[in-house]
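Participant: Take a look at the following structure, please.
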Amino acid sequence: MPLFVLLGWQSCTVSPPKGDSARLTPTDAEVEQYNARVAPEDRIVCRHEKPVGTYIAKRVCRLQVDVDATSSLHRQQLRRVLN
Amino acid sequence: MLRLLILIVLSFPASSALTQETGSALPYSSVYEHERSEQLIARGLLQMEAEDYRTAEKTFLEAVQVAKVNYGLRAPQQRTALEHLIEALLAQQKWQLADDQLSYFEWLNDEIYLRDFYDYLRGTKQLSELLYRASADAENSNSTRYLILAKNLSWRAISAIEATLGEADPELVPWLYDVVLAHYYQVSLVKRRSLLNEVALKENSAEYQGWTLAKSESLRISYRIGRDLLSRIQQILSAGPDSPTEASALAVIYQADWELLFGHEAIAMTLYGEANRQLSSIGALSERLNQLFGRPRVLPDPVLYTSLNRLEAALAQGPIQFRAWTPNYPGAQLPSAKVSLADRPQPSSALVEFTLLPAPPIALMGNRRIIKLGFGLRNVDVLEITPQASALDNEVRYQMSLLQLRPALKDGSPVEMDGLQLRYHFAPQQELPNNRES
């Protein structure tokens, strides 16, 4: 019985990724290498962003088209609120 | 039978008219002769030498067509004619047409990748040199684009080598170093002079005059990428088959150079010391090392040397030779003869004597916005200028201030060196004071 409990507990745990947490996002060199071989619409950008509610910036990598679309959506929403 | 006769009669005037139109002495059917492409290239090169670029363009275009007919539409034999054709177009500043041919070259090279990987790499090198050449032309308002294209091309070659030969193959080293150099050229763009960035600063009765440099995220990214790639080169070389310790120690010197170029003097000195220690540990005599590090070089070194003998052979006796590449990338030396703008006249050269300080003044070690002229150099004395013109004296001093030299080291520690001489060859297209007056 204790063996089953132990096996069940082990299967539920998720092991954290190994290594430095900063390596969760690609390095600048990796991003540049990736961007050099894909079409412009598939390129990614990495930058430091401060999420709402904290001053601690974190490195976020997103598709360039995604960044553009989000910016344009936010601009539209702001315009709607202001008008 | 009658149809055949009609066909023969109709085809005769057409072929003779075509021969007349091209103005060629050779009959039309001779495009199938293999030698003709080479003959046309030789003729085109003579036309290039005579600066008849327009005729050369036509000759090379014909050579490309002949190569297509003789060897096939996807044949690598087209590349030589294509390379000269692009050179002729660049010499005439026909950017759009050059762009089209560069795209065709890239397409052709991608086709070759599937058949012969090493031939693909040779073609990529050829294309990269053409892109660098295009990016060096000061008349081209879009020159930076070619630099980025060349860098992306190197990245794609790296991806191809990783996929074919593995992620730690020594074949990667020159391509990784190419990307490092491309980042240095990108960074050197901020050294371009403008009317607005000359400033003066007064601090504790000392006056400084200099040029403000743009500080942006792109500079930091370039630094980080260069640092990461040099570290990767060092790892690849340290696991390589031929004298890994020697190659790895030399790679540390390049890492130190990179730190110095970005103003991290303390890290650079530690790395130079580390390289010296590693080379001593494999039996290199201290006299040999002191002699090697007693002959400073202008940074970044366009070639990555992985053997001590080759590095020693590259350090010529006499004045340090510096050939400025292009006004587009201030302070950057000519990477190779293949990318020089050979068709443009060399304006001038100067012989300069100076003292190289072991490290820049303490005041510069902070993160200051003003880069003072004479960084790391003192007592700059212009010994001769060819042609003689007093107006060039200040220009030489300014150009010298943009250079960063590898410090002289004795037993791994930086030392001051007096009486160093450097022959500065101005870049073709460099706008010099006497030229402006005229």
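Simple scheme: letters A, B, ... for chains in structure tokens order, numbers from 1 for residues in each chain, numbers from 1 for ligands in the order shown.
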Check the DSSP output for the backbone and give back, as a ChimeraX atom specification, the residues of region 12-138 of chain B in helix (DSSP H, G or I).
Facilitator: /B:12-22,28-32,35-49,53-71,78-91,95-113,117-136
Participant: Tell me the residues of chain A close to chain B, meaning within 9 Å using only C-alpha atoms, as a ChimeraX atom specification.
Facilitator: /A:27-30,32-37
Participant: Might you pull out every residue within 10 Å of region 72-87 of chain B, with only C-alpha atoms counted and same-chain residues fewer than 4 positions away left off, and present them as a PyMOL selection string?
Facilitator: chain B and resi 37-38+40-42+44-45+48+53+56-68+91-95+97-102+104-105+107-112+116+119-120+123+126-127+129-131+133-134+341+343
Participant: Pick out the residues sitting within 8 Å of region 399-408 of chain B, and hand them over as a list of chain:residue names; count only C-alpha atoms, and ignore anything fewer than 5 positions along from it in its own chain.
Facilitator: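 Here the qualifying residues turn out to be B:Lys191, B:Asp257, B:Leu261, B:Phe293, B:Gly294, B:Arg295, B:Pro296, B:Arg297, B:Val298, B:Leu299, B:Pro330, B:Gly331, B:Ala332, B:Leu356, B:Leu357, B:Pro358, B:Ala359, B:Leu373, B:Gly374, B:Phe375, B:Gly376, B:Leu377, B:Pro414, B:Val415, B:Glu416, B:Met417.
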Participant: I need the strand (DSSP E) residues of region 120-344 of chain B per DSSP on the backbone, written as a list in words.
Facilitator: Glu198, Val199, Ala200, Leu201, Lys202, Glu203, Ala206, Glu207, Tyr208, Gln209, Gly210, Trp211, Thr212, Val298, Leu299, Ile320, Gln321, Phe322 and Arg323 of chain B
Participant: Give me the residues within 10 Å of Val31 (chain A) as a compact mmCIF listing (two decimals) with all heavy atoms, in the first residue's frame, counting only C-alpha atoms and dropping any in the same chain fewer than 5 places off.
Facilitator:
# COMPACT_ATOMS: atom_id res chain seq x y z
N THR A 25 14.16 31.34 -21.82
CA THR A 25 13.95 32.04 -23.09
C THR A 25 15.23 31.89 -23.92
O THR A 25 16.31 31.76 -23.36
CB THR A 25 13.65 33.53 -22.86
OG1 THR A 25 14.69 34.07 -22.06
CG2 THR A 25 12.32 33.76 -22.23
N PRO A 26 15.12 31.93 -25.25
CA PRO A 26 16.33 31.77 -26.06
C PRO A 26 17.29 32.95 -25.92
O PRO A 26 16.86 34.07 -25.59
CB PRO A 26 15.78 31.67 -27.49
CG PRO A 26 14.43 32.27 -27.44
CD PRO A 26 13.91 32.07 -26.06
N ALA A 36 16.99 34.41 -38.95
CA ALA A 36 17.68 34.45 -40.26
C ALA A 36 17.15 33.40 -41.22
O ALA A 36 17.35 33.52 -42.42
CB ALA A 36 19.18 34.23 -40.05
N ARG A 43 9.13 35.77 -37.62
CA ARG A 43 10.25 36.19 -36.77
C ARG A 43 9.78 36.47 -35.35
O ARG A 43 8.65 36.91 -35.13
CB ARG A 43 10.91 37.44 -37.35
CG ARG A 43 11.70 37.08 -38.57
CD ARG A 43 12.46 38.23 -39.13
NE ARG A 43 13.06 37.78 -40.39
CZ ARG A 43 13.37 38.58 -41.39
NH1 ARG A 43 13.14 39.86 -41.30
NH2 ARG A 43 13.91 38.10 -42.49
N ILE A 44 10.66 36.21 -34.39
CA ILE A 44 10.31 36.49 -32.99
C ILE A 44 11.18 37.62 -32.44
O ILE A 44 12.28 37.88 -32.94
CB ILE A 44 10.45 35.24 -32.09
CG1 ILE A 44 11.85 34.64 -32.16
CG2 ILE A 44 9.42 34.20 -32.42
CD1 ILE A 44 12.12 33.59 -31.08
N VAL A 45 10.66 38.30 -31.44
CA VAL A 45 11.44 39.34 -30.75
C VAL A 45 11.41 39.04 -29.25
O VAL A 45 10.40 38.57 -28.73
CB VAL A 45 10.87 40.77 -30.98
CG1 VAL A 45 11.24 41.31 -32.32
CG2 VAL A 45 9.38 40.82 -30.77
N CYS A 46 12.53 39.29 -28.63
CA CYS A 46 12.60 39.10 -27.18
C CYS A 46 12.87 40.46 -26.55
O CYS A 46 13.72 41.21 -27.04
CB CYS A 46 13.72 38.14 -26.81
SG CYS A 46 13.41 36.46 -27.34
N CYS A 61 9.53 36.46 -25.03
CA CYS A 61 9.77 36.30 -26.47
C CYS A 61 8.43 36.01 -27.15
O CYS A 61 7.70 35.12 -26.72
CB CYS A 61 10.73 35.14 -26.73
SG CYS A 61 12.36 35.43 -26.05
N ILE B 225 25.76 38.86 -28.21
CA ILE B 225 25.85 37.82 -29.26
C ILE B 225 27.33 37.52 -29.55
O ILE B 225 27.73 36.36 -29.61
CB ILE B 225 25.10 38.27 -30.54
CG1 ILE B 225 23.60 38.30 -30.26
CG2 ILE B 225 25.40 37.33 -31.71
CD1 ILE B 225 22.74 38.80 -31.41
Participant: Just to confirm, what's the straight-line distance from CA of Ala350 (chain B) to CA of Tyr424 (chain B) in Å (one decimal)?
Facilitator: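 Computing it gives 5.2 Å between the two atoms.
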Participant: Please provide the set of residues having any atom within 10 Å of Val173 (chain B), restricted to only C-alpha atoms, with same-chain residues fewer than 5 positions apart removed, written as a count of residues only.
Facilitator: 12
